[in-house]
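The data block below is structure17.tsv; it holds TSV, C-alpha atoms.
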```
chain	number	residue	atom	x	y	z
A	1	MET	CA	32.23	43.90	48.73
A	2	GLU	CA	33.03	47.16	47.03
A	3	ASN	CA	35.33	46.95	44.04
A	4	PRO	CA	38.34	49.27	43.95
A	5	ARG	CA	38.02	49.93	40.22
A	6	THR	CA	35.52	52.75	40.64
A	7	GLY	CA	36.76	55.71	38.60
A	8	GLN	CA	39.06	53.62	36.43
A	9	ILE	CA	38.89	53.47	32.64
A	10	ALA	CA	37.81	50.06	31.29
A	11	VAL	CA	38.64	49.49	27.61
A	12	ILE	CA	36.39	46.74	26.24
A	13	PHE	CA	37.78	44.90	23.20
A	14	VAL	CA	35.44	42.31	21.63
A	15	SER	CA	36.95	40.41	18.71
A	16	GLN	CA	36.43	37.49	16.36
A	17	ARG	CA	39.60	35.67	15.34
A	18	THR	CA	40.05	34.57	11.75
A	19	GLY	CA	41.68	31.29	12.77
A	20	ALA	CA	44.69	32.14	10.60
A	21	ASP	CA	48.24	32.31	11.95
A	22	ALA	CA	47.50	30.96	15.43
A	23	ALA	CA	51.18	30.90	16.39
A	24	GLY	CA	51.79	34.48	15.29
A	25	TYR	CA	48.67	35.63	17.05
A	26	GLY	CA	49.57	33.84	20.27
A	27	ALA	CA	53.04	35.32	20.38
A	28	ALA	CA	51.75	38.82	19.65
A	29	ALA	CA	48.97	38.55	22.24
A	30	GLU	CA	51.47	37.50	24.88
A	31	ALA	CA	53.89	40.28	23.94
A	32	MET	CA	51.11	42.90	24.01
A	33	ALA	CA	49.88	41.71	27.42
A	34	GLU	CA	53.40	42.09	28.81
A	35	LEU	CA	53.94	45.47	27.18
A	36	ALA	CA	50.57	46.81	28.37
A	37	ALA	CA	51.32	45.67	31.93
A	38	ALA	CA	54.54	47.71	31.85
A	39	GLN	CA	52.83	50.97	30.89
A	40	PRO	CA	52.20	53.80	33.38
A	41	GLY	CA	48.63	53.73	34.64
A	42	TYR	CA	47.99	50.08	33.80
A	43	ALA	CA	45.58	48.59	36.34
A	44	GLY	CA	44.90	45.04	35.15
A	45	VAL	CA	43.09	42.93	32.59
A	46	ASP	CA	40.25	40.43	32.23
A	47	SER	CA	40.40	38.26	29.10
A	48	VAL	CA	38.48	35.27	27.73
A	49	ARG	CA	38.39	33.62	24.29
A	50	ASP	CA	36.22	30.65	23.42
A	51	ALA	CA	36.93	27.72	21.09
A	52	GLY	CA	35.13	29.48	18.23
A	53	GLY	CA	37.54	32.40	18.37
A	54	LEU	CA	35.21	34.97	19.95
A	55	GLY	CA	37.03	36.92	22.63
A	56	ILE	CA	36.54	39.72	25.13
A	57	THR	CA	39.51	41.51	26.66
A	58	ILE	CA	39.03	44.35	29.13
A	59	SER	CA	42.06	46.40	30.11
A	60	TYR	CA	41.87	48.75	33.07
A	61	TRP	CA	43.67	52.09	33.37
A	62	ILE	CA	43.87	54.57	36.19
A	63	ASP	CA	42.81	57.46	33.96
A	64	ASP	CA	41.94	58.37	30.38
A	65	ALA	CA	45.43	59.72	29.65
A	66	SER	CA	46.94	56.30	30.41
A	67	ALA	CA	44.47	54.54	28.13
A	68	ILE	CA	45.16	57.00	25.32
A	69	ALA	CA	48.92	56.66	25.75
A	70	TRP	CA	48.58	52.88	25.36
A	71	ARG	CA	46.39	53.33	22.26
A	72	ASP	CA	49.11	55.54	20.77
A	73	HIS	CA	52.10	53.37	21.77
A	74	PRO	CA	54.08	52.73	18.53
A	75	GLU	CA	54.51	48.99	19.10
A	76	HIS	CA	50.82	48.63	19.97
A	77	ALA	CA	49.92	50.49	16.77
A	78	ARG	CA	52.16	48.19	14.74
A	79	ILE	CA	50.54	45.06	16.20
A	80	ARG	CA	47.07	46.57	15.66
A	81	ASP	CA	47.85	46.85	11.95
A	82	LEU	CA	48.93	43.19	11.89
A	83	GLY	CA	45.72	42.27	13.68
A	84	ARG	CA	43.64	43.89	10.96
A	85	ALA	CA	45.75	42.29	8.25
A	86	ARG	CA	45.78	38.74	9.64
A	87	TRP	CA	44.09	37.87	12.88
A	88	TYR	CA	40.63	39.42	13.16
A	89	ASP	CA	37.42	39.21	11.17
A	90	TRP	CA	35.98	42.08	13.17
A	91	TYR	CA	36.35	43.84	16.48
A	92	THR	CA	34.69	46.50	18.55
A	93	LEU	CA	36.38	48.73	21.09
A	94	LYS	CA	34.64	50.79	23.75
A	95	VAL	CA	36.27	53.14	26.21
A	96	THR	CA	34.23	53.28	29.41
A	97	ARG	CA	34.50	54.73	32.88
A	98	VAL	CA	33.67	52.55	35.89
A	99	ALA	CA	30.88	54.13	37.95
A	100	ARG	CA	30.63	51.38	40.57
A	101	GLY	CA	31.52	47.77	41.09
A	102	TYR	CA	31.26	44.75	43.33
A	103	ARG	CA	32.91	41.41	43.77
A	104	TRP	CA	31.68	38.20	45.30
A	105	THR	CA	33.68	35.12	46.24
A	106	ARG	CA	32.41	31.80	47.56
A	107	GLY	CA	32.88	31.97	51.32
B	1	MET	CA	33.63	53.59	12.19
B	2	GLU	CA	32.00	55.26	15.15
B	3	ASN	CA	30.14	52.94	17.47
B	4	PRO	CA	26.59	53.91	18.41
B	5	ARG	CA	26.95	52.79	22.02
B	6	THR	CA	28.45	56.09	23.16
B	7	GLY	CA	26.53	57.18	26.27
B	8	GLN	CA	25.16	53.72	26.99
B	9	ILE	CA	25.69	51.86	30.27
B	10	ALA	CA	27.87	48.73	29.92
B	11	VAL	CA	27.55	46.27	32.81
B	12	ILE	CA	30.64	44.04	32.89
B	13	PHE	CA	30.13	40.66	34.59
B	14	VAL	CA	33.26	38.49	34.91
B	15	SER	CA	32.65	35.08	36.47
B	16	GLN	CA	34.23	31.72	37.18
B	17	ARG	CA	31.86	28.75	36.96
B	18	THR	CA	32.07	26.00	39.57
B	19	GLY	CA	31.45	23.29	36.99
B	20	ALA	CA	28.51	22.04	39.06
B	21	ASP	CA	24.97	21.72	37.67
B	22	ALA	CA	25.81	22.49	34.04
B	23	ALA	CA	22.26	21.75	32.87
B	24	GLY	CA	20.66	23.98	35.48
B	25	TYR	CA	23.15	26.74	34.74
B	26	GLY	CA	22.57	26.51	30.99
B	27	ALA	CA	18.82	26.70	31.33
B	28	ALA	CA	19.03	29.64	33.72
B	29	ALA	CA	21.54	31.51	31.54
B	30	GLU	CA	19.29	31.12	28.52
B	31	ALA	CA	16.21	32.22	30.46
B	32	MET	CA	18.03	35.28	31.86
B	33	ALA	CA	19.30	36.28	28.41
B	34	GLU	CA	15.74	36.18	27.10
B	35	LEU	CA	14.30	38.03	30.08
B	36	ALA	CA	16.99	40.74	29.93
B	37	ALA	CA	16.35	41.26	26.22
B	38	ALA	CA	12.67	41.90	26.99
B	39	GLN	CA	13.38	44.68	29.51
B	40	PRO	CA	12.89	48.38	28.72
B	41	GLY	CA	16.19	50.02	27.86
B	42	TYR	CA	18.00	46.81	26.92
B	43	ALA	CA	20.53	47.52	24.18
B	44	GLY	CA	22.37	44.23	23.59
B	45	VAL	CA	24.93	41.84	24.99
B	46	ASP	CA	28.44	40.48	24.35
B	47	SER	CA	29.21	37.17	26.05
B	48	VAL	CA	32.07	34.65	25.99
B	49	ARG	CA	32.93	31.69	28.24
B	50	ASP	CA	35.97	29.48	27.77
B	51	ALA	CA	36.38	25.75	28.36
B	52	GLY	CA	37.78	26.40	31.85
B	53	GLY	CA	34.58	28.13	32.91
B	54	LEU	CA	35.87	31.71	32.94
B	55	GLY	CA	33.33	34.03	31.35
B	56	ILE	CA	32.74	37.68	30.54
B	57	THR	CA	29.25	38.97	29.79
B	58	ILE	CA	28.64	42.63	29.03
B	59	SER	CA	25.05	43.85	28.88
B	60	TYR	CA	24.27	47.27	27.42
B	61	TRP	CA	21.49	49.60	28.59
B	62	ILE	CA	20.31	52.91	27.27
B	63	ASP	CA	20.61	54.56	30.68
B	64	ASP	CA	21.45	53.88	34.33
B	65	ALA	CA	17.79	53.57	35.33
B	66	SER	CA	17.34	50.65	32.92
B	67	ALA	CA	20.42	48.89	34.29
B	68	ILE	CA	19.22	49.38	37.87
B	69	ALA	CA	15.72	48.13	37.03
B	70	TRP	CA	17.26	44.94	35.61
B	71	ARG	CA	19.44	44.52	38.70
B	72	ASP	CA	16.31	44.79	40.84
B	73	HIS	CA	14.06	42.56	38.69
B	74	PRO	CA	12.64	39.91	41.09
B	75	GLU	CA	13.33	36.94	38.78
B	76	HIS	CA	16.87	38.19	38.14
B	77	ALA	CA	17.41	38.49	41.91
B	78	ARG	CA	16.15	34.93	42.41
B	79	ILE	CA	18.54	33.55	39.79
B	80	ARG	CA	21.41	35.61	41.23
B	81	ASP	CA	20.87	33.83	44.57
B	82	LEU	CA	20.99	30.45	42.80
B	83	GLY	CA	24.18	31.53	41.06
B	84	ARG	CA	25.88	32.22	44.37
B	85	ALA	CA	24.58	28.96	45.84
B	86	ARG	CA	25.52	26.68	42.93
B	87	TRP	CA	27.13	28.03	39.81
B	88	TYR	CA	29.90	30.50	40.57
B	89	ASP	CA	33.18	30.37	42.47
B	90	TRP	CA	33.50	34.13	42.19
B	91	TYR	CA	32.33	37.04	40.09
B	92	THR	CA	32.94	40.72	39.67
B	93	LEU	CA	30.45	43.24	38.36
B	94	LYS	CA	31.24	46.73	37.13
B	95	VAL	CA	28.77	49.35	35.95
B	96	THR	CA	30.41	51.61	33.38
B	97	ARG	CA	29.42	54.38	31.00
B	98	VAL	CA	30.64	54.25	27.39
B	99	ALA	CA	32.64	57.39	26.54
B	100	ARG	CA	33.53	56.43	22.98
B	101	GLY	CA	33.74	53.42	20.74
B	102	TYR	CA	34.75	52.07	17.37
B	103	ARG	CA	34.18	49.01	15.28
B	104	TRP	CA	36.21	47.46	12.52
B	105	THR	CA	35.17	44.74	10.07
B	106	ARG	CA	37.28	43.03	7.42
B	107	GLY	CA	36.45	44.81	4.18
```

Is it possible to give me this structure as structure tokens?
Amino acid sequence: MENPRTGQIAVIFVSQRTGADAAGYGAAAEAMAELAAAQPGYAGVDSVRDAGGLGITISYWIDDASAIAWRDHPEHARIRDLGRARWYDWYTLKVTRVARGYRWTRG
Amino acid sequence: MENPRTGQIAVIFVSQRTGADAAGYGAAAEAMAELAAAQPGYAGVDSVRDAGGLGITISYWIDDASAIAWRDHPEHARIRDLGRARWYDWYTLKVTRVARGYRWTRG
């Protein structure tokens, strides 16, 4: 089945948690997920973190301008600074454009 | 810091495991990771799965031809059929091109 995300922007965030301040991190992650979902052009998210603290979050945006506006959102910038100060050992971020996609579900 | 993956193809595979045949799945996943890494144009992987069986694997390729050749690799196709028969409830796959990227590491 064709996937409707073709043409969307997929922002791939891979991160390793420090393990410090789990409560603060959890609250901030929840707040950022809610705030992102309220932004113009938001198109969804896929997110997984394992028990060792390695995580991948992919946020989807209808165009590059929406993704850039979220990057530049003041509250997002503030939380990003906290993330570097407390919550992450490292992260990588890649901005990509979806060329094609498929989905499969057990029948 | 600029990320060197700009221009690469990132293939995003999001999947939900059934929970069935964990040993068979583990062996196949390891074999596929090794086989992918031996293909021309392979440029790396990021992969996380949580305790509930939700996983995201992103494989990176130097160009679209490399990603397509891996998609069409006969052994990969055989394992994909097993995955649909046994290991996955659903999955989505998106082929993307990296426009820009960054990395950050605790100093």

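CA of Arg84 (chain B) lies 11.6 Å from CA of Arg103 (chain A).
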
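Straight-line separation from CA of Phe13 (chain A) to CA of Phe13 (chain B): 14.4 Å.
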
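Here the question is which of B:Tyr25, B:Tyr60, B:Trp70, B:Tyr42 gets nearest to Val98 (chain B) using all atoms listed in the file, and that residue is B:Tyr60.
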
Return as JSON the box centre and box size in Å, one decimal, for an axis-aligned box around all listed atoms of region 18-24 of chain A padded by 3 Å per side.
```
{"center_x": 45.9, "center_y": 32.7, "center_z": 13.5, "size_x": 17.7, "size_y": 9.7, "size_z": 11.8}
```

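The coordinates place CA of Ile79 (chain B) at 18.3 Å from CA of Gly53 (chain B).
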
How would chain A read as a short mmCIF file (atom, residue, chain, number, x, y, z; two decimals) with C-alpha atoms, in the coordinates of the input once least-squares superposed on chain B using all paired C-alpha atoms?
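Generated file (out-v2.cif):
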```cif
data_model
loop_
_atom_site.label_atom_id
_atom_site.label_comp_id
_atom_site.auth_asym_id
_atom_site.auth_seq_id
_atom_site.Cartn_x
_atom_site.Cartn_y
_atom_site.Cartn_z
CA MET A 1 33.64 53.62 12.15
CA GLU A 2 32.02 55.26 15.12
CA ASN A 3 30.14 52.96 17.46
CA PRO A 4 26.58 53.91 18.40
CA ARG A 5 26.98 52.79 22.01
CA THR A 6 28.45 56.08 23.18
CA GLY A 7 26.52 57.18 26.27
CA GLN A 8 25.16 53.72 27.00
CA ILE A 9 25.67 51.85 30.27
CA ALA A 10 27.86 48.73 29.92
CA VAL A 11 27.54 46.27 32.82
CA ILE A 12 30.63 44.04 32.90
CA PHE A 13 30.12 40.66 34.58
CA VAL A 14 33.26 38.50 34.92
CA SER A 15 32.65 35.08 36.46
CA GLN A 16 34.23 31.72 37.18
CA ARG A 17 31.87 28.76 36.96
CA THR A 18 32.07 26.01 39.56
CA GLY A 19 31.45 23.29 36.98
CA ALA A 20 28.51 22.03 39.05
CA ASP A 21 24.98 21.72 37.66
CA ALA A 22 25.82 22.48 34.03
CA ALA A 23 22.27 21.75 32.87
CA GLY A 24 20.68 24.00 35.48
CA TYR A 25 23.14 26.74 34.73
CA GLY A 26 22.58 26.51 30.98
CA ALA A 27 18.83 26.71 31.31
CA ALA A 28 19.03 29.65 33.71
CA ALA A 29 21.54 31.51 31.53
CA GLU A 30 19.28 31.13 28.52
CA ALA A 31 16.21 32.23 30.47
CA MET A 32 18.03 35.28 31.87
CA ALA A 33 19.29 36.29 28.41
CA GLU A 34 15.73 36.18 27.09
CA LEU A 35 14.31 38.03 30.08
CA ALA A 36 16.99 40.74 29.94
CA ALA A 37 16.35 41.25 26.21
CA ALA A 38 12.67 41.91 26.99
CA GLN A 39 13.37 44.67 29.51
CA PRO A 40 12.89 48.38 28.72
CA GLY A 41 16.20 50.02 27.86
CA TYR A 42 18.00 46.80 26.92
CA ALA A 43 20.54 47.52 24.18
CA GLY A 44 22.37 44.23 23.60
CA VAL A 45 24.94 41.84 24.99
CA ASP A 46 28.43 40.48 24.35
CA SER A 47 29.21 37.16 26.05
CA VAL A 48 32.06 34.64 25.99
CA ARG A 49 32.93 31.67 28.24
CA ASP A 50 35.97 29.48 27.77
CA ALA A 51 36.38 25.74 28.37
CA GLY A 52 37.78 26.39 31.85
CA GLY A 53 34.58 28.13 32.92
CA LEU A 54 35.87 31.71 32.94
CA GLY A 55 33.33 34.03 31.36
CA ILE A 56 32.74 37.68 30.53
CA THR A 57 29.25 38.96 29.80
CA ILE A 58 28.63 42.62 29.02
CA SER A 59 25.05 43.85 28.89
CA TYR A 60 24.27 47.24 27.42
CA TRP A 61 21.51 49.59 28.60
CA ILE A 62 20.33 52.91 27.28
CA ASP A 63 20.62 54.56 30.69
CA ASP A 64 21.46 53.89 34.33
CA ALA A 65 17.79 53.58 35.33
CA SER A 66 17.35 50.66 32.93
CA ALA A 67 20.42 48.88 34.29
CA ILE A 68 19.23 49.37 37.86
CA ALA A 69 15.74 48.14 37.03
CA TRP A 70 17.25 44.94 35.61
CA ARG A 71 19.44 44.52 38.71
CA ASP A 72 16.30 44.80 40.85
CA HIS A 73 14.05 42.56 38.71
CA PRO A 74 12.63 39.89 41.09
CA GLU A 75 13.33 36.94 38.79
CA HIS A 76 16.87 38.19 38.15
CA ALA A 77 17.41 38.49 41.91
CA ARG A 78 16.15 34.94 42.42
CA ILE A 79 18.54 33.55 39.79
CA ARG A 80 21.41 35.61 41.25
CA ASP A 81 20.88 33.84 44.58
CA LEU A 82 20.98 30.46 42.81
CA GLY A 83 24.17 31.53 41.06
CA ARG A 84 25.86 32.23 44.38
CA ALA A 85 24.57 28.97 45.83
CA ARG A 86 25.52 26.69 42.93
CA TRP A 87 27.13 28.03 39.81
CA TYR A 88 29.91 30.50 40.57
CA ASP A 89 33.18 30.38 42.47
CA TRP A 90 33.50 34.14 42.19
CA TYR A 91 32.34 37.04 40.09
CA THR A 92 32.93 40.73 39.66
CA LEU A 93 30.44 43.25 38.36
CA LYS A 94 31.24 46.74 37.14
CA VAL A 95 28.78 49.35 35.96
CA THR A 96 30.41 51.60 33.38
CA ARG A 97 29.43 54.36 31.00
CA VAL A 98 30.64 54.24 27.40
CA ALA A 99 32.64 57.38 26.56
CA ARG A 100 33.51 56.43 22.98
CA GLY A 101 33.74 53.42 20.74
CA TYR A 102 34.73 52.07 17.37
CA ARG A 103 34.16 49.01 15.27
CA TRP A 104 36.19 47.46 12.51
CA THR A 105 35.17 44.75 10.06
CA ARG A 106 37.29 43.02 7.44
CA GLY A 107 36.49 44.80 4.18
#
```

- Message: Which residues are close to Thr96 (chain A), i.e. within 8 Å by all atoms listed in the file, leaving aside same-chain residues fewer than 3 positions away? Reply as a ChimeraX atom specification.
- Response: /A:9-12 /B:10,96-100

Can you pull out the residues contacting Ile56 (chain B)? Cut-off 12 Å, using all atoms listed in the file, and skip same-chain residues under 3 positions away; I want them as a PDB file with C-alpha atoms, in the coordinates of the input.
```
ATOM      1  CA  ILE A  12      36.390  46.740  26.240  1.00  0.00           C
ATOM      2  CA  PHE A  13      37.780  44.900  23.200  1.00  0.00           C
ATOM      3  CA  VAL A  14      35.440  42.310  21.630  1.00  0.00           C
ATOM      4  CA  VAL A  45      43.090  42.930  32.590  1.00  0.00           C
ATOM      5  CA  ASP A  46      40.250  40.430  32.230  1.00  0.00           C
ATOM      6  CA  SER A  47      40.400  38.260  29.100  1.00  0.00           C
ATOM      7  CA  VAL A  48      38.480  35.270  27.730  1.00  0.00           C
ATOM      8  CA  ARG A  49      38.390  33.620  24.290  1.00  0.00           C
ATOM      9  CA  ASP A  50      36.220  30.650  23.420  1.00  0.00           C
ATOM     10  CA  LEU A  54      35.210  34.970  19.950  1.00  0.00           C
ATOM     11  CA  GLY A  55      37.030  36.920  22.630  1.00  0.00           C
ATOM     12  CA  ILE A  56      36.540  39.720  25.130  1.00  0.00           C
ATOM     13  CA  THR A  57      39.510  41.510  26.660  1.00  0.00           C
ATOM     14  CA  ILE A  58      39.030  44.350  29.130  1.00  0.00           C
TER      15      ILE A  58
ATOM     16  CA  VAL B  11      27.550  46.270  32.810  1.00  0.00           C
ATOM     17  CA  ILE B  12      30.640  44.040  32.890  1.00  0.00           C
ATOM     18  CA  PHE B  13      30.130  40.660  34.590  1.00  0.00           C
ATOM     19  CA  VAL B  14      33.260  38.490  34.910  1.00  0.00           C
ATOM     20  CA  SER B  15      32.650  35.080  36.470  1.00  0.00           C
ATOM     21  CA  GLN B  16      34.230  31.720  37.180  1.00  0.00           C
ATOM     22  CA  ARG B  17      31.860  28.750  36.960  1.00  0.00           C
ATOM     23  CA  VAL B  45      24.930  41.840  24.990  1.00  0.00           C
ATOM     24  CA  ASP B  46      28.440  40.480  24.350  1.00  0.00           C
ATOM     25  CA  SER B  47      29.210  37.170  26.050  1.00  0.00           C
ATOM     26  CA  VAL B  48      32.070  34.650  25.990  1.00  0.00           C
ATOM     27  CA  ARG B  49      32.930  31.690  28.240  1.00  0.00           C
ATOM     28  CA  ASP B  50      35.970  29.480  27.770  1.00  0.00           C
ATOM     29  CA  GLY B  53      34.580  28.130  32.910  1.00  0.00           C
ATOM     30  CA  SER B  59      25.050  43.850  28.880  1.00  0.00           C
ATOM     31  CA  TYR B  91      32.330  37.040  40.090  1.00  0.00           C
ATOM     32  CA  THR B  92      32.940  40.720  39.670  1.00  0.00           C
ATOM     33  CA  LEU B  93      30.450  43.240  38.360  1.00  0.00           C
ATOM     34  CA  LYS B  94      31.240  46.730  37.130  1.00  0.00           C
TER      35      LYS B  94
END
```

- Message: Give me the residues near Arg106 (chain A) as JSON, numbers by chain, where near means some atom within 7 Å (using all atoms listed in the file) and where sequence neighbours in that chain fewer than 2 positions away do not count.
- Response: {"A": [104], "B": [89, 90]}

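You can rank B:Gly44, B:Val95, B:His73, B:Tyr88 by their closest distance to Ala22 (chain B) using only C-alpha atoms, and at the top of that list sits B:Tyr88.
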
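Counting only C-alpha atoms and comparing A:Gly52, A:Ala43, A:Ser66, A:Ala37, the residue that lies closest to chain B is A:Gly52.
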
- Note on the structure: If you count only C-alpha atoms, the residue of A:Gly26, A:Ala51, A:Trp61, A:Glu75 closest to chain B turns out to be A:Ala51

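Residues with any atom within 12 Å of Arg78 (chain B), counting only C-alpha atoms and excluding same-chain neighbours fewer than 6 positions away, are Ala28, Met32, Arg71, Asp72, Arg84 and Ala85 of chain B.
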
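Closest approach to chain A among B:Gln39, B:Gln8, B:Thr105, B:Thr18 is made by B:Thr105 (distances from only C-alpha atoms).
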
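Distances from A:Ala29, A:Asp63, A:Asp21, A:Thr6 to chain B were compared using only C-alpha atoms, and the smallest one belongs to A:Thr6.
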
Completion step: region 9-20 of chain A with N, CA, C and O atoms as a compact mmCIF listing (two decimals), in the frame of the given file:
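As a result, selection.txt now contains:
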```txt
# COMPACT_ATOMS: atom_id res chain seq x y z
N ILE A 9 39.31 53.62 34.02
CA ILE A 9 38.89 53.47 32.64
C ILE A 9 38.95 51.98 32.29
O ILE A 9 39.98 51.34 32.52
N ALA A 10 37.85 51.45 31.76
CA ALA A 10 37.81 50.06 31.29
C ALA A 10 37.66 50.09 29.78
O ALA A 10 36.68 50.62 29.25
N VAL A 11 38.66 49.54 29.08
CA VAL A 11 38.64 49.49 27.61
C VAL A 11 38.19 48.09 27.20
O VAL A 11 38.89 47.10 27.47
N ILE A 12 37.02 48.02 26.59
CA ILE A 12 36.39 46.74 26.24
C ILE A 12 36.68 46.42 24.78
O ILE A 12 36.26 47.15 23.88
N PHE A 13 37.40 45.32 24.55
CA PHE A 13 37.78 44.90 23.20
C PHE A 13 37.10 43.56 22.93
O PHE A 13 37.43 42.55 23.57
N VAL A 14 36.14 43.54 22.02
CA VAL A 14 35.44 42.31 21.63
C VAL A 14 35.91 41.97 20.22
O VAL A 14 35.87 42.83 19.34
N SER A 15 36.37 40.72 20.01
CA SER A 15 36.95 40.41 18.71
C SER A 15 36.64 38.99 18.27
O SER A 15 36.46 38.09 19.09
N GLN A 16 36.58 38.82 16.96
CA GLN A 16 36.43 37.49 16.36
C GLN A 16 37.70 37.17 15.60
O GLN A 16 38.05 37.86 14.64
N ARG A 17 38.38 36.10 16.02
CA ARG A 17 39.60 35.67 15.34
C ARG A 17 39.28 35.05 13.98
O ARG A 17 38.24 34.41 13.83
N THR A 18 40.20 35.21 13.05
CA THR A 18 40.05 34.57 11.75
C THR A 18 40.32 33.07 11.81
O THR A 18 39.84 32.32 10.97
N GLY A 19 41.18 32.67 12.74
CA GLY A 19 41.68 31.29 12.77
C GLY A 19 43.03 31.17 12.08
O GLY A 19 43.73 30.17 12.27
N ALA A 20 43.40 32.18 11.30
CA ALA A 20 44.69 32.14 10.60
C ALA A 20 45.83 32.48 11.56
O ALA A 20 45.64 33.22 12.52
```
